[in-house]
Amino acid sequence: MLPWKRVLRPLTALLLTAAVAALPTAAHAASTPSTGWNDYTCKPSAAHPDPVVLVHGTFANSTDNWLVLAPYLEARGYCVFSLDYGQLPGVPLIYGLGPIDKSAEQLQAYVDKVLAATGAAKVDLVGHSQGGMMPRYYLKFLGGAAKVDTFVGIAPDNHGTTLDGLTKLLPYFPGAEDVISATTPALADQIAGSAFLAKLNAGGDTVPGVHYTVIATRYDEVVTPYSSQFLSGSDVHNVLIQNLCSVDLSEHALLGLSDRIAFHEVANALDPAHATTTNCLSALS
């Protein structure tokens with residue numbers, strides 16, 4: 001007998017993540033926040049010379065994924081920007097579904113747009129889920145390393161995901177992988193062992209000149225095992241959020257959507273010279 005609870009739990013989590021991203025679409029369609037968030041008149045300060053570009057995850061968009069983190073960083077004096085990428089034809093308001101290498105090209109163009117508008121030499125990137133992994137393609141293959149100082153991945157699927165073992169069932173359903181690849185290429189690219197991930201991780205996880213931080217939670221039910229999120233390299237800081245606050249129960253979605261303990265660690269990564277201790281009290285900062 002199949003372990004149905006084990007199969008359905010990660011699938012349900014994935015669908016809930018999609019729902020969370022999709023529900024506020026009316027607000028997204030109506031307007032995009034300004035006053036420092038996607039405000040192209042914002043000029044970086046001497047204290048924070050790198051604009052921050054936020055990169056959403058699968059099924060998300062440039063507004064809903066960042067309703068907490070964008071204002072959090074803006075209040076700390078950063079120029080903050082976010083993009084939509086990976087839209088499929090005929091699928092409105094939900095992004096991050098197209099081939100990831102093509103999404104990286106869209107990030108490349110957007111970074112150039114932000115640099116031109118702000119006059120900055122480099123940006124910092126902060127991404128959630130797919131958005132915490134996709135920029136590595138930009139850094140490695142599209143010249144992004146020359147334009148990025150710091151890259152922070154929140155719950156990124158750097159080495160793919162098994163969805164708590166769910167993907168191991170795909171070979172038992174002939175044609176399932178082909179359907180996924182044809183209808184939602186980004187999902188196929190994120191399965192552990194995909195050709196995309198083999199290319200991305202060949203020759204090492206990182207590129208010289210970029211500071212990497214990965215923030216993960218042991219309760220991640222979408223990117224599994226959670227340890228697969230961590231990177232190897234000489235300039236990498238891997239963080240398990242429960243090592244900073246043992247009672248933090250955030251799972252995959254909440255870690256990127258609303259976890260201020262994780263966001264405090266993001267702020268530390270963006271400004272290590274003024275980093276302060278991250279702990280449970282950081283939820284109040």
# chains A, B, ... in the order shown; residues from 1 in each chain; ligands from 1
call {"tool": "residues_around", "arguments": {"residues": "A:Asn38", "least_positions_apart": "2", "cutoff": "12 Å", "atoms": "only C-alpha atoms", "output": "MDAnalysis selection string"}}
result
chainID A and resid 31:36 40:43 51:54 62:63 66 70:71 74 78:84 110 113:114 117:118
call {"tool": "residues_around", "arguments": {"residues": "A:Ser194", "least_positions_apart": "2", "cutoff": "12 Å", "atoms": "only C-alpha atoms", "output": "list in words"}}
result
Ile100, Asn158, His159, Gly160, Thr161, Thr162, Thr167, Glu177, Ser181, Pro185, Ala186, Leu187, Ala188, Asp189, Gln190, Ile191, Ala192, Phe196, Leu197, Ala198, Lys199, Leu200 and Asn201 of chain A
call {"tool": "select_by_dssp", "arguments": {"residues": "stretch 28-222 of chain A", "states": "helix (DSSP H, G or I)", "output": "PyMOL selection string"}}
result
chain A and resi 28-30+64-66+69-74+100-118+129-132+135-141+144-146+166-172+176-183+185-189+195-201
call {"tool": "residues_around", "arguments": {"residues": "stretch 239-251 of chain A", "least_positions_apart": "2", "cutoff": "12 Å", "atoms": "only C-alpha atoms", "output": "number ranges by chain"}}
result
A: 10, 13-14, 16-17, 129, 152-156, 212-224, 226-231, 236-237, 253-266, 268-269, 277-283
call {"tool": "closest_residue", "arguments": {"among": "A:His211, A:Asp205, A:Tyr95, A:Leu115", "to": "A:Gln130", "atoms": "only C-alpha atoms"}}
result
A:Tyr95
call {"tool": "closest_residue", "arguments": {"among": "A:Asp149, A:Leu88, A:Ala116, A:Met134", "to": "A:Ser103", "atoms": "only C-alpha atoms"}}
result
A:Met134
